[in-house]
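See structure below.
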Amino acid sequence: MRSLFRPSPRPGEGGPRRVLYALAECLPFAIALLVVVIELTPAHFLYTGPLLTATPALAAVTLGPVGTLAAAGLAVGVSVTTATYNQAWGTQQVYGNFLALFLVSTASFMTSRAVRTRRENELRQVRRIAVAAQEVLLRPVPARLGPVRAASMYLAAETGAQIGGDLYEAVQTRYGVRMIVGDVRGKGLPAVRAVAVILGAFREAVHYEDDLVEVINHCGEALRRDAAVPGAFDAEALMEGFVTALVAQVPDGRVVEVVNRGHPPPLLLHHGKVRALTPSSPVPPLGMDELLNGPPGTTDSYPFVPGDRLLLITDGVIEARNRNNDFFALPEAMEAMHDSTPREFLDRMHRELLDHTHGRLADDVAMLLVDRVDAGPPPWPNSDDHGGGGS
């Protein structure tokens with residue numbers, strides 16, 4: 001999913017805007033080239049001083065301080081070349097042009113630096129807000145939850161972005177450890193709002209709904225109620241809006257129970273081998289209940305014994321590709337890191353994902369990892385020890 005604060009133009013807008021911006025960046029250098037053509041041809045009787053003086057001012061709008069200096073240097077070089085070619089040294093006009101070019105270049109450079117500094121300050125403030133929002137929505141899961149050790153991680157596809165349409169949570173309840181991972185179809189603020197609605201519904205329902213199917217249905221109902229609020233989503237978000245989600249439960253017995261609503265299946269590591277826990281009855285994502293032909297989801301149960309590891313992910317992990325268009329080999333990576341702690345595993349996964357994609361994730365990534373351990377659970381509710389997370 002696209003992250004909050006990531007530019008996401010509407011269809012048809014991105015291409016023309018990029019073309020216009022590229023033309024604006026080239027304009028100062030095109031003007032300098034035009035001046036060279038005029039001055040080195042019979043058309044040199046035309047007065048080009050104002051054109052050349054404008055190049056650093058135009059560069060300051062789109063190219064930043066470095067680009068402004070480059071445009072100013074080019075303008076000076078063109079002025080020296082044309083003055084020499086036309087044997088105009090010693091005239092008042094040449095020195096007047098140099099003085100005007102110096103003053104405009106200085107003012108343009110200082111203005112460009114001031115604008116750059118203001119933008120950087122605004123970006124830092126936006127990032128601080130995003131971090132605060134992430135800590136509220138996607139808080140790190142505790143390092144120990146009853147019979148499992150846990151860790152979580154969120155990776156934004158774009159540098160500087162913090163939160164988007166991926167979600168996760170793990171809570172210890174009287175029914176066992178309950179977890180959710182999901183992926184909102186959409187982008188920007190509507191996606192973040194959907195994440196907040198689903199997580200809020202999940203955190204409430206896990207404590208009083210004994211049926212795991214009802215827990216995820218509660219999330220779907222909350223999403224529908226919020227979508228019905230006037231102005232909650234724009235028309236585009238409403239047309240494409242749905243959420244793939246998966247809830248899992250680790251009760252006292254040595255099993256894990258899973259309800260999957262169109263989400264990538266979790267991976268179970270048992271005795272060094274990984275298998276995907278595919279649902280017995282595929283069910284559409286939340287928000288697409290009109291496609292249901294039967295019951296709204298079923299609970300599948302799988303063995304989950306001490307020493308086993310369960311990984312819940314979003315599609316940003318399994319769809320990560322390298323420059324050769326090869327997918328990330330997640331099962332093999334999971335098997336190779338079977339002896340690591342949950343936190344070490346996610347840290348190594350972070351590095352391997354970035355190595356595989358050469359530092360360019362195409363989609364956001366959320367991961368929730370739990371290990372079944374032998375020791376009994378600590379007294380409920382859980383302690384304040386946390387397993388970390390972040391972006």
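Residue names in the structure tokens use chain letters A, B, ... in the order shown, residue numbers from 1 in each chain, and ligand numbers from 1 in the order shown.
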
With DSSP run on the backbone, what are the alpha helix (DSSP H) residues within segment 62-278 of chain A? I'd like them as a CSV table (one decimal) with N, CA and C atoms, in the first residue's frame.
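Result file is out-v3.csv:
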```
chain,number,residue,atom,x,y,z
A,62,THR,N,13.3,25.7,-9.2
A,62,THR,CA,13.1,24.3,-9.4
A,62,THR,C,14.4,23.5,-9.0
A,64,GLY,N,17.1,24.2,-6.7
A,64,GLY,CA,17.7,24.3,-5.4
A,64,GLY,C,19.0,25.1,-5.5
A,65,PRO,N,19.7,25.2,-4.3
A,65,PRO,CA,20.9,26.0,-4.3
A,65,PRO,C,22.0,25.6,-5.2
A,66,VAL,N,22.3,24.3,-5.3
A,66,VAL,CA,23.3,23.8,-6.2
A,66,VAL,C,23.0,24.1,-7.7
A,67,GLY,N,21.8,23.8,-8.0
A,67,GLY,CA,21.4,24.1,-9.4
A,67,GLY,C,21.4,25.6,-9.7
A,68,THR,N,21.1,26.4,-8.7
A,68,THR,CA,21.2,27.8,-8.9
A,68,THR,C,22.6,28.3,-9.2
A,69,LEU,N,23.6,27.7,-8.4
A,69,LEU,CA,25.0,28.0,-8.6
A,69,LEU,C,25.4,27.6,-10.0
A,70,ALA,N,25.0,26.4,-10.4
A,70,ALA,CA,25.4,25.9,-11.7
A,70,ALA,C,24.8,26.8,-12.8
A,71,ALA,N,23.6,27.2,-12.7
A,71,ALA,CA,23.0,28.1,-13.7
A,71,ALA,C,23.7,29.4,-13.8
A,72,ALA,N,24.1,30.0,-12.6
A,72,ALA,CA,24.8,31.2,-12.5
A,72,ALA,C,26.2,31.1,-13.1
A,73,GLY,N,26.9,29.9,-12.8
A,73,GLY,CA,28.2,29.7,-13.4
A,73,GLY,C,28.1,29.6,-15.0
A,74,LEU,N,27.1,28.9,-15.4
A,74,LEU,CA,26.9,28.8,-16.9
A,74,LEU,C,26.6,30.2,-17.5
A,75,ALA,N,25.8,31.0,-16.8
A,75,ALA,CA,25.5,32.3,-17.4
A,75,ALA,C,26.8,33.2,-17.4
A,76,VAL,N,27.6,33.1,-16.4
A,76,VAL,CA,28.9,33.8,-16.4
A,76,VAL,C,29.8,33.3,-17.6
A,77,GLY,N,29.9,32.0,-17.7
A,77,GLY,CA,30.7,31.4,-18.8
A,77,GLY,C,30.2,31.9,-20.2
A,78,VAL,N,28.9,31.9,-20.4
A,78,VAL,CA,28.3,32.4,-21.6
A,78,VAL,C,28.6,33.9,-21.8
A,79,SER,N,28.5,34.7,-20.8
A,79,SER,CA,28.8,36.1,-20.9
A,79,SER,C,30.3,36.4,-21.3
A,80,VAL,N,31.2,35.6,-20.7
A,80,VAL,CA,32.6,35.8,-21.0
A,80,VAL,C,32.9,35.4,-22.4
A,81,THR,N,32.3,34.3,-22.8
A,81,THR,CA,32.5,33.7,-24.2
A,81,THR,C,32.0,34.7,-25.2
A,82,THR,N,30.8,35.2,-25.1
A,82,THR,CA,30.2,36.1,-26.1
A,82,THR,C,30.8,37.4,-26.1
A,83,ALA,N,31.2,37.9,-24.9
A,83,ALA,CA,31.9,39.2,-24.9
A,83,ALA,C,33.2,39.2,-25.6
A,84,THR,N,33.9,38.0,-25.5
A,84,THR,CA,35.2,37.8,-26.1
A,84,THR,C,35.0,37.7,-27.6
A,85,TYR,N,34.0,36.9,-28.0
A,85,TYR,CA,33.8,36.6,-29.4
A,85,TYR,C,33.3,37.9,-30.2
A,92,GLN,N,30.4,49.7,-21.5
A,92,GLN,CA,29.6,49.8,-20.3
A,92,GLN,C,28.5,48.7,-20.2
A,93,GLN,N,28.0,48.3,-21.4
A,93,GLN,CA,27.0,47.3,-21.4
A,93,GLN,C,27.4,46.0,-20.8
A,94,VAL,N,28.7,45.6,-21.2
A,94,VAL,CA,29.2,44.3,-20.7
A,94,VAL,C,29.3,44.3,-19.2
A,95,TYR,N,29.9,45.4,-18.6
A,95,TYR,CA,30.1,45.4,-17.2
A,95,TYR,C,28.7,45.6,-16.4
A,96,GLY,N,27.8,46.2,-17.1
A,96,GLY,CA,26.4,46.3,-16.5
A,96,GLY,C,25.8,45.0,-16.4
A,97,ASN,N,26.0,44.2,-17.5
A,97,ASN,CA,25.4,42.8,-17.5
A,97,ASN,C,26.0,42.0,-16.4
A,98,PHE,N,27.3,42.1,-16.2
A,98,PHE,CA,28.0,41.3,-15.2
A,98,PHE,C,27.5,41.7,-13.8
A,99,LEU,N,27.3,43.0,-13.6
A,99,LEU,CA,26.9,43.4,-12.3
A,99,LEU,C,25.4,42.9,-12.0
A,100,ALA,N,24.6,43.0,-13.0
A,100,ALA,CA,23.2,42.5,-12.8
A,100,ALA,C,23.2,41.0,-12.6
A,101,LEU,N,24.0,40.3,-13.3
A,101,LEU,CA,24.1,38.9,-13.2
A,101,LEU,C,24.6,38.5,-11.8
A,102,PHE,N,25.6,39.2,-11.3
A,102,PHE,CA,26.1,39.0,-9.9
A,102,PHE,C,25.0,39.2,-8.9
A,103,LEU,N,24.3,40.3,-9.0
A,103,LEU,CA,23.2,40.6,-8.0
A,103,LEU,C,22.1,39.6,-8.0
A,104,VAL,N,21.6,39.3,-9.2
A,104,VAL,CA,20.5,38.3,-9.4
A,104,VAL,C,20.9,36.9,-8.9
A,105,SER,N,22.2,36.5,-9.2
A,105,SER,CA,22.6,35.2,-8.8
A,105,SER,C,22.7,35.1,-7.3
A,106,THR,N,23.3,36.2,-6.7
A,106,THR,CA,23.4,36.2,-5.2
A,106,THR,C,22.0,36.1,-4.5
A,107,ALA,N,21.1,36.9,-5.0
A,107,ALA,CA,19.7,36.9,-4.4
A,107,ALA,C,19.0,35.6,-4.7
A,108,SER,N,19.2,35.0,-5.9
A,108,SER,CA,18.6,33.8,-6.2
A,108,SER,C,19.1,32.6,-5.3
A,109,PHE,N,20.4,32.6,-5.1
A,109,PHE,CA,21.1,31.6,-4.3
A,109,PHE,C,20.6,31.7,-2.9
A,110,MET,N,20.5,32.8,-2.3
A,110,MET,CA,20.1,33.0,-0.9
A,110,MET,C,18.6,32.7,-0.8
A,111,THR,N,17.8,33.0,-1.8
A,111,THR,CA,16.4,32.7,-1.7
A,111,THR,C,16.2,31.2,-1.8
A,112,SER,N,17.0,30.5,-2.7
A,112,SER,CA,16.8,29.1,-2.9
A,112,SER,C,17.2,28.4,-1.6
A,113,ARG,N,18.3,28.8,-0.9
A,113,ARG,CA,18.7,28.2,0.4
A,113,ARG,C,17.6,28.4,1.4
A,114,ALA,N,17.0,29.6,1.5
A,114,ALA,CA,16.0,29.8,2.5
A,114,ALA,C,14.8,28.9,2.2
A,115,VAL,N,14.4,28.8,0.9
A,115,VAL,CA,13.3,27.9,0.6
A,115,VAL,C,13.6,26.4,1.0
A,116,ARG,N,14.8,26.0,0.6
A,116,ARG,CA,15.2,24.6,0.9
A,116,ARG,C,15.2,24.4,2.5
A,117,THR,N,15.7,25.3,3.2
A,117,THR,CA,15.7,25.2,4.7
A,117,THR,C,14.3,25.1,5.2
A,118,ARG,N,13.4,25.9,4.7
A,118,ARG,CA,12.0,25.9,5.2
A,118,ARG,C,11.4,24.6,4.8
A,119,ARG,N,11.6,24.1,3.6
A,119,ARG,CA,11.0,22.8,3.3
A,119,ARG,C,11.6,21.6,4.1
A,120,GLU,N,12.9,21.7,4.4
A,120,GLU,CA,13.4,20.6,5.2
A,120,GLU,C,12.8,20.7,6.6
A,121,ASN,N,12.6,21.9,7.2
A,121,ASN,CA,12.0,22.0,8.5
A,121,ASN,C,10.6,21.5,8.5
A,122,GLU,N,9.8,21.8,7.4
A,122,GLU,CA,8.5,21.3,7.3
A,122,GLU,C,8.5,19.7,7.2
A,123,LEU,N,9.4,19.2,6.4
A,123,LEU,CA,9.5,17.7,6.3
A,123,LEU,C,9.8,17.1,7.6
A,124,ARG,N,10.7,17.7,8.3
A,124,ARG,CA,11.1,17.1,9.7
A,124,ARG,C,9.8,17.1,10.6
A,125,GLN,N,9.0,18.2,10.5
A,125,GLN,CA,7.9,18.2,11.3
A,125,GLN,C,6.8,17.2,10.9
A,126,VAL,N,6.7,17.0,9.6
A,126,VAL,CA,5.8,16.0,9.1
A,126,VAL,C,6.2,14.6,9.5
A,127,ARG,N,7.5,14.4,9.5
A,127,ARG,CA,8.0,13.1,9.9
A,127,ARG,C,7.8,12.8,11.4
A,128,ARG,N,7.9,13.9,12.2
A,128,ARG,CA,7.7,13.7,13.6
A,128,ARG,C,6.2,13.4,13.9
A,129,ILE,N,5.3,14.1,13.1
A,129,ILE,CA,3.9,13.7,13.2
A,129,ILE,C,3.6,12.3,12.8
A,130,ALA,N,4.3,11.9,11.7
A,130,ALA,CA,4.1,10.5,11.2
A,130,ALA,C,4.6,9.5,12.3
A,131,VAL,N,5.7,9.8,12.9
A,131,VAL,CA,6.2,8.9,13.9
A,131,VAL,C,5.2,8.8,15.1
A,132,ALA,N,4.7,9.9,15.5
A,132,ALA,CA,3.7,9.9,16.6
A,132,ALA,C,2.5,9.1,16.2
A,133,ALA,N,2.0,9.3,15.0
A,133,ALA,CA,0.9,8.6,14.5
A,133,ALA,C,1.1,7.1,14.5
A,134,GLN,N,2.3,6.7,14.0
A,134,GLN,CA,2.7,5.3,14.0
A,134,GLN,C,2.7,4.7,15.4
A,135,GLU,N,3.2,5.4,16.3
A,135,GLU,CA,3.3,4.9,17.7
A,135,GLU,C,1.9,4.6,18.3
A,136,VAL,N,0.9,5.4,17.8
A,136,VAL,CA,-0.4,5.2,18.3
A,136,VAL,C,-1.1,4.0,17.5
A,137,LEU,N,-1.0,4.0,16.2
A,137,LEU,CA,-1.6,3.0,15.4
A,137,LEU,C,-0.9,1.7,15.4
A,188,GLY,N,-2.9,7.1,1.0
A,188,GLY,CA,-3.1,8.4,1.6
A,188,GLY,C,-3.9,8.3,2.9
A,189,LEU,N,-4.5,9.4,3.2
A,189,LEU,CA,-5.3,9.5,4.5
A,189,LEU,C,-6.5,8.5,4.5
A,190,PRO,N,-7.2,8.2,3.4
A,190,PRO,CA,-8.3,7.2,3.6
A,190,PRO,C,-7.7,5.8,4.0
A,191,ALA,N,-6.5,5.4,3.5
A,191,ALA,CA,-6.0,4.1,4.0
A,191,ALA,C,-5.6,4.2,5.4
A,192,VAL,N,-5.0,5.3,5.9
A,192,VAL,CA,-4.6,5.4,7.3
A,192,VAL,C,-5.9,5.4,8.2
A,193,ARG,N,-6.9,6.0,7.7
A,193,ARG,CA,-8.2,6.0,8.5
A,193,ARG,C,-8.7,4.6,8.6
A,194,ALA,N,-8.7,3.9,7.5
A,194,ALA,CA,-9.2,2.5,7.5
A,194,ALA,C,-8.3,1.6,8.5
A,195,VAL,N,-7.0,1.9,8.5
A,195,VAL,CA,-6.2,1.2,9.5
A,195,VAL,C,-6.6,1.5,10.9
A,196,ALA,N,-6.8,2.7,11.2
A,196,ALA,CA,-7.2,3.1,12.5
A,196,ALA,C,-8.6,2.4,12.9
A,197,VAL,N,-9.5,2.4,12.0
A,197,VAL,CA,-10.8,1.8,12.2
A,197,VAL,C,-10.7,0.3,12.5
A,198,ILE,N,-9.9,-0.4,11.7
A,198,ILE,CA,-9.8,-1.8,11.9
A,198,ILE,C,-9.1,-2.2,13.1
A,199,LEU,N,-8.0,-1.5,13.4
A,199,LEU,CA,-7.2,-1.8,14.6
A,199,LEU,C,-8.1,-1.5,15.9
A,200,GLY,N,-8.8,-0.4,15.9
A,200,GLY,CA,-9.7,0.0,17.0
A,200,GLY,C,-10.7,-1.1,17.2
A,201,ALA,N,-11.3,-1.6,16.1
A,201,ALA,CA,-12.4,-2.6,16.3
A,201,ALA,C,-11.7,-3.9,16.8
A,202,PHE,N,-10.6,-4.3,16.2
A,202,PHE,CA,-9.9,-5.5,16.7
A,202,PHE,C,-9.5,-5.5,18.2
A,203,ARG,N,-8.9,-4.4,18.6
A,203,ARG,CA,-8.5,-4.3,20.0
A,203,ARG,C,-9.7,-4.3,21.0
A,204,GLU,N,-10.9,-4.0,20.5
A,204,GLU,CA,-12.0,-4.1,21.3
A,204,GLU,C,-12.6,-5.5,21.3
A,205,ALA,N,-12.8,-6.1,20.1
A,205,ALA,CA,-13.5,-7.3,19.9
A,205,ALA,C,-12.7,-8.5,20.5
A,212,LEU,N,-13.4,-16.6,16.7
A,212,LEU,CA,-12.4,-15.8,16.0
A,212,LEU,C,-13.0,-15.2,14.7
A,213,VAL,N,-14.0,-15.9,14.1
A,213,VAL,CA,-14.6,-15.4,12.9
A,213,VAL,C,-15.4,-14.1,13.3
A,214,GLU,N,-16.0,-14.1,14.4
A,214,GLU,CA,-16.7,-12.9,14.9
A,214,GLU,C,-15.8,-11.7,15.1
A,215,VAL,N,-14.6,-12.0,15.5
A,215,VAL,CA,-13.6,-10.9,15.7
A,215,VAL,C,-13.3,-10.2,14.4
A,216,ILE,N,-13.0,-11.0,13.3
A,216,ILE,CA,-12.7,-10.3,12.0
A,216,ILE,C,-14.0,-9.7,11.4
A,217,ASN,N,-15.2,-10.3,11.7
A,217,ASN,CA,-16.4,-9.7,11.2
A,217,ASN,C,-16.7,-8.4,11.9
A,218,HIS,N,-16.3,-8.3,13.1
A,218,HIS,CA,-16.5,-7.0,13.9
A,218,HIS,C,-15.6,-6.0,13.2
A,219,CYS,N,-14.4,-6.3,12.7
A,219,CYS,CA,-13.6,-5.4,12.0
A,219,CYS,C,-14.2,-4.9,10.7
A,220,GLY,N,-14.8,-5.9,10.0
A,220,GLY,CA,-15.5,-5.6,8.8
A,220,GLY,C,-16.7,-4.7,9.0
A,221,GLU,N,-17.5,-4.9,10.0
A,221,GLU,CA,-18.6,-4.1,10.3
A,221,GLU,C,-18.2,-2.7,10.6
A,222,ALA,N,-17.1,-2.5,11.4
A,222,ALA,CA,-16.6,-1.2,11.8
A,222,ALA,C,-16.2,-0.4,10.5
A,223,LEU,N,-15.6,-1.2,9.6
A,223,LEU,CA,-15.1,-0.5,8.3
A,223,LEU,C,-16.3,-0.1,7.5
A,224,ARG,N,-17.4,-0.9,7.4
A,224,ARG,CA,-18.6,-0.5,6.7
A,224,ARG,C,-19.3,0.7,7.3
A,225,ARG,N,-19.3,0.7,8.7
A,225,ARG,CA,-20.0,1.9,9.3
A,225,ARG,C,-19.2,3.1,9.1
A,226,ASP,N,-17.9,3.1,9.1
A,226,ASP,CA,-17.1,4.3,8.9
A,226,ASP,C,-17.2,4.7,7.4
A,227,ALA,N,-17.3,3.8,6.5
A,227,ALA,CA,-17.4,4.1,5.1
A,227,ALA,C,-18.7,4.8,4.8
A,235,ALA,N,-14.7,9.3,-3.7
A,235,ALA,CA,-15.3,8.3,-4.6
A,235,ALA,C,-14.3,7.3,-5.1
A,236,GLU,N,-13.1,7.7,-5.4
A,236,GLU,CA,-12.0,6.8,-5.9
A,236,GLU,C,-11.7,5.8,-4.8
A,237,ALA,N,-11.5,6.3,-3.5
A,237,ALA,CA,-11.2,5.4,-2.5
A,237,ALA,C,-12.3,4.4,-2.2
A,238,LEU,N,-13.6,4.8,-2.3
A,238,LEU,CA,-14.7,4.0,-2.1
A,238,LEU,C,-14.8,2.9,-3.1
A,239,MET,N,-14.5,3.2,-4.4
A,239,MET,CA,-14.5,2.2,-5.5
A,239,MET,C,-13.5,1.1,-5.3
A,240,GLU,N,-12.3,1.5,-4.9
A,240,GLU,CA,-11.2,0.5,-4.8
A,240,GLU,C,-11.0,0.0,-3.4
```

Which polymer residues have any atom within 6 Å of an atom of Leu269 of chain A, counting only C-alpha atoms, with same-chain residues fewer than 2 positions away left out, as a ChimeraX atom specification? /A:273-274,308-309

Keeping only C-alpha atoms, take the residues you just selected and write them out as a compact mmCIF listing (two decimals), in the first residue's frame.
```txt
# COMPACT_ATOMS: atom_id res chain seq x y z
CA LYS A 273 10.84 -26.67 7.23
CA VAL A 274 8.41 -23.96 6.17
CA ASP A 308 7.63 -23.71 16.05
CA ARG A 309 7.69 -20.25 14.49
```

Show me, as a compact mmCIF listing (two decimals) with C-alpha atoms, in the first residue's frame, the residues that have an atom within 9 Å of Glu319 of chain A when counting only C-alpha atoms, minus same-chain residues fewer than 2 positions from it.
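Below is the file part31.txt, written as the result:
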```
# COMPACT_ATOMS: atom_id res chain seq x y z
CA ASP A 315 2.24 -8.83 0.33
CA GLY A 316 5.09 -6.32 0.29
CA VAL A 317 7.35 -9.16 1.49
CA ARG A 321 11.66 -8.20 -6.50
CA PHE A 327 10.74 -12.60 -6.06
CA PHE A 328 12.24 -12.62 -2.60
CA ALA A 362 7.98 -1.41 -4.18
CA ASP A 363 5.41 -1.72 -1.40
```

Between A:Pro28, A:Pro251, A:Gly176, A:Pro42, which is the closest to Pro56 of chain A once you count only C-alpha atoms? A:Pro28

Residue nearest Phe304 of chain A among A:Arg351, A:His271, A:Arg323, A:Arg18 (counting only C-alpha atoms): A:His271

Please list as an MDAnalysis selection string every residue within 10 Å of Asp252 of chain A, counting only C-alpha atoms and excluding residues in the same chain fewer than 3 positions away. chainID A and resid 146:147 174:177 249 255:256 376:377

Work out how far atom CA of Pro342 of chain A is from atom CA of Gly307 of chain A, in Å to one decimal.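 One can read the atom CA of Gly307 of chain A to atom CA of Pro342 of chain A distance as 12.1 Å.
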
Under the rule that only C-alpha atoms are counted, which of A:Arg372, A:Arg343, A:Arg348, A:Arg185 is the nearest residue to His270 of chain A?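 Of A:Arg372, A:Arg343, A:Arg348, A:Arg185, the one nearest His270 of chain A is A:Arg372, counting only C-alpha atoms.
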
Please identify the strand (DSSP E or B) residues within segment 39-194 of chain A (assignment by DSSP from backbone atoms) and present them as a list in words.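 Secondary structure check on segment 39-194 of chain A, strand (DSSP E or B): Pro142, Arg144, Leu145, Val148, Arg149, Ala150, Ala151, Ser152, Met153, Tyr154, Leu155, Asp166, Leu167, Tyr168, Glu169, Ala170, Val171, Gln172, Thr173, Gly176, Val177, Arg178, Met179, Ile180, Val181, Gly182, Asp183 and Val184 of chain A.
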
Please save N, CA and C atoms of the selected residues as a PDB file, in the first residue's frame.
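Wrote it out as part-v8.pdb, contents follow:
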```pdb
ATOM      1  N   PRO A 142       4.400  -6.632  22.436  1.00  0.00           N
ATOM      2  CA  PRO A 142       5.240  -7.059  23.558  1.00  0.00           C
ATOM      3  C   PRO A 142       6.149  -8.217  23.165  1.00  0.00           C
ATOM      4  N   ARG A 144       6.941 -10.693  24.976  1.00  0.00           N
ATOM      5  CA  ARG A 144       6.387 -11.954  25.478  1.00  0.00           C
ATOM      6  C   ARG A 144       4.887 -11.800  25.681  1.00  0.00           C
ATOM      7  N   LEU A 145       4.156 -12.732  25.076  1.00  0.00           N
ATOM      8  CA  LEU A 145       2.706 -12.769  25.198  1.00  0.00           C
ATOM      9  C   LEU A 145       2.303 -14.201  25.508  1.00  0.00           C
ATOM     10  N   VAL A 148       3.985 -17.349  23.815  1.00  0.00           N
ATOM     11  CA  VAL A 148       4.788 -17.022  22.635  1.00  0.00           C
ATOM     12  C   VAL A 148       5.719 -15.857  22.928  1.00  0.00           C
ATOM     13  N   ARG A 149       6.829 -15.862  22.183  1.00  0.00           N
ATOM     14  CA  ARG A 149       7.689 -14.685  22.083  1.00  0.00           C
ATOM     15  C   ARG A 149       7.362 -14.011  20.762  1.00  0.00           C
ATOM     16  N   ALA A 150       7.374 -12.677  20.750  1.00  0.00           N
ATOM     17  CA  ALA A 150       6.890 -11.967  19.564  1.00  0.00           C
ATOM     18  C   ALA A 150       7.779 -10.781  19.226  1.00  0.00           C
ATOM     19  N   ALA A 151       7.676 -10.356  17.979  1.00  0.00           N
ATOM     20  CA  ALA A 151       8.329  -9.132  17.514  1.00  0.00           C
ATOM     21  C   ALA A 151       7.581  -8.660  16.272  1.00  0.00           C
ATOM     22  N   SER A 152       7.663  -7.378  15.998  1.00  0.00           N
ATOM     23  CA  SER A 152       6.968  -6.800  14.855  1.00  0.00           C
ATOM     24  C   SER A 152       7.875  -5.816  14.143  1.00  0.00           C
ATOM     25  N   MET A 153       7.545  -5.559  12.882  1.00  0.00           N
ATOM     26  CA  MET A 153       8.322  -4.593  12.101  1.00  0.00           C
ATOM     27  C   MET A 153       7.452  -4.018  10.999  1.00  0.00           C
ATOM     28  N   TYR A 154       7.632  -2.728  10.756  1.00  0.00           N
ATOM     29  CA  TYR A 154       6.957  -2.058   9.641  1.00  0.00           C
ATOM     30  C   TYR A 154       8.009  -1.321   8.832  1.00  0.00           C
ATOM     31  N   LEU A 155       8.011  -1.539   7.525  1.00  0.00           N
ATOM     32  CA  LEU A 155       8.951  -0.876   6.631  1.00  0.00           C
ATOM     33  C   LEU A 155       8.172  -0.115   5.570  1.00  0.00           C
ATOM     34  N   ASP A 166      -0.722  -0.801   5.669  1.00  0.00           N
ATOM     35  CA  ASP A 166      -0.474  -2.089   6.295  1.00  0.00           C
ATOM     36  C   ASP A 166      -0.708  -1.977   7.799  1.00  0.00           C
ATOM     37  N   LEU A 167      -1.139  -3.083   8.418  1.00  0.00           N
ATOM     38  CA  LEU A 167      -1.449  -3.035   9.844  1.00  0.00           C
ATOM     39  C   LEU A 167      -1.108  -4.364  10.493  1.00  0.00           C
ATOM     40  N   TYR A 168      -0.866  -4.314  11.798  1.00  0.00           N
ATOM     41  CA  TYR A 168      -0.638  -5.522  12.592  1.00  0.00           C
ATOM     42  C   TYR A 168      -0.954  -5.207  14.043  1.00  0.00           C
ATOM     43  N   GLU A 169      -1.202  -6.238  14.823  1.00  0.00           N
ATOM     44  CA  GLU A 169      -1.402  -6.103  16.268  1.00  0.00           C
ATOM     45  C   GLU A 169      -1.383  -7.495  16.887  1.00  0.00           C
ATOM     46  N   ALA A 170      -0.959  -7.582  18.123  1.00  0.00           N
ATOM     47  CA  ALA A 170      -0.991  -8.826  18.892  1.00  0.00           C
ATOM     48  C   ALA A 170      -1.387  -8.479  20.317  1.00  0.00           C
ATOM     49  N   VAL A 171      -2.382  -9.207  20.843  1.00  0.00           N
ATOM     50  CA  VAL A 171      -2.939  -8.905  22.160  1.00  0.00           C
ATOM     51  C   VAL A 171      -3.121 -10.214  22.926  1.00  0.00           C
ATOM     52  N   GLN A 172      -2.776 -10.217  24.214  1.00  0.00           N
ATOM     53  CA  GLN A 172      -3.052 -11.371  25.058  1.00  0.00           C
ATOM     54  C   GLN A 172      -4.428 -11.204  25.693  1.00  0.00           C
ATOM     55  N   THR A 173      -5.263 -12.218  25.542  1.00  0.00           N
ATOM     56  CA  THR A 173      -6.628 -12.170  26.046  1.00  0.00           C
ATOM     57  C   THR A 173      -6.919 -13.440  26.838  1.00  0.00           C
ATOM     58  N   GLY A 176      -6.585 -16.509  24.695  1.00  0.00           N
ATOM     59  CA  GLY A 176      -5.264 -16.800  24.168  1.00  0.00           C
ATOM     60  C   GLY A 176      -4.662 -15.561  23.536  1.00  0.00           C
ATOM     61  N   VAL A 177      -3.536 -15.746  22.855  1.00  0.00           N
ATOM     62  CA  VAL A 177      -2.897 -14.636  22.149  1.00  0.00           C
ATOM     63  C   VAL A 177      -3.575 -14.466  20.802  1.00  0.00           C
ATOM     64  N   ARG A 178      -4.085 -13.275  20.543  1.00  0.00           N
ATOM     65  CA  ARG A 178      -4.782 -13.013  19.296  1.00  0.00           C
ATOM     66  C   ARG A 178      -4.019 -11.970  18.487  1.00  0.00           C
ATOM     67  N   MET A 179      -3.920 -12.223  17.178  1.00  0.00           N
ATOM     68  CA  MET A 179      -3.114 -11.379  16.296  1.00  0.00           C
ATOM     69  C   MET A 179      -3.902 -11.036  15.050  1.00  0.00           C
ATOM     70  N   ILE A 180      -3.533  -9.925  14.445  1.00  0.00           N
ATOM     71  CA  ILE A 180      -4.100  -9.527  13.162  1.00  0.00           C
ATOM     72  C   ILE A 180      -3.001  -8.933  12.300  1.00  0.00           C
ATOM     73  N   VAL A 181      -3.097  -9.195  11.006  1.00  0.00           N
ATOM     74  CA  VAL A 181      -2.260  -8.509  10.031  1.00  0.00           C
ATOM     75  C   VAL A 181      -3.154  -8.219   8.834  1.00  0.00           C
ATOM     76  N   GLY A 182      -2.992  -7.040   8.257  1.00  0.00           N
ATOM     77  CA  GLY A 182      -3.876  -6.657   7.165  1.00  0.00           C
ATOM     78  C   GLY A 182      -3.237  -5.676   6.214  1.00  0.00           C
ATOM     79  N   ASP A 183      -3.906  -5.486   5.094  1.00  0.00           N
ATOM     80  CA  ASP A 183      -3.395  -4.616   4.032  1.00  0.00           C
ATOM     81  C   ASP A 183      -4.582  -3.892   3.415  1.00  0.00           C
ATOM     82  N   VAL A 184      -4.609  -2.571   3.547  1.00  0.00           N
ATOM     83  CA  VAL A 184      -5.711  -1.771   3.021  1.00  0.00           C
ATOM     84  C   VAL A 184      -5.436  -1.436   1.568  1.00  0.00           C
TER      85      VAL A 184
END
```

Residue neighbourhood Phe345 of chain A, 10 Å, only C-alpha atoms, exclusion window fewer than 5 positions, as a count of residues only: 10

Would you work out the distance separating atom CA of Thr298 of chain A from atom CA of Thr244 of chain A, expressed in Å to one decimal? 15.1 Å

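When only C-alpha atoms are used to compute distances to Val365 of chain A, the closest of the residues A:Ala228, A:Leu138, A:Met349, A:Ala156 turns out to be A:Ala156.
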
Write out as a ChimeraX atom specification each polymer residue whose atoms come within 9 Å of Pro282 of chain A, counting only C-alpha atoms; drop sequence neighbours fewer than 3 positions from it. /A:260-262,278-279,297-298
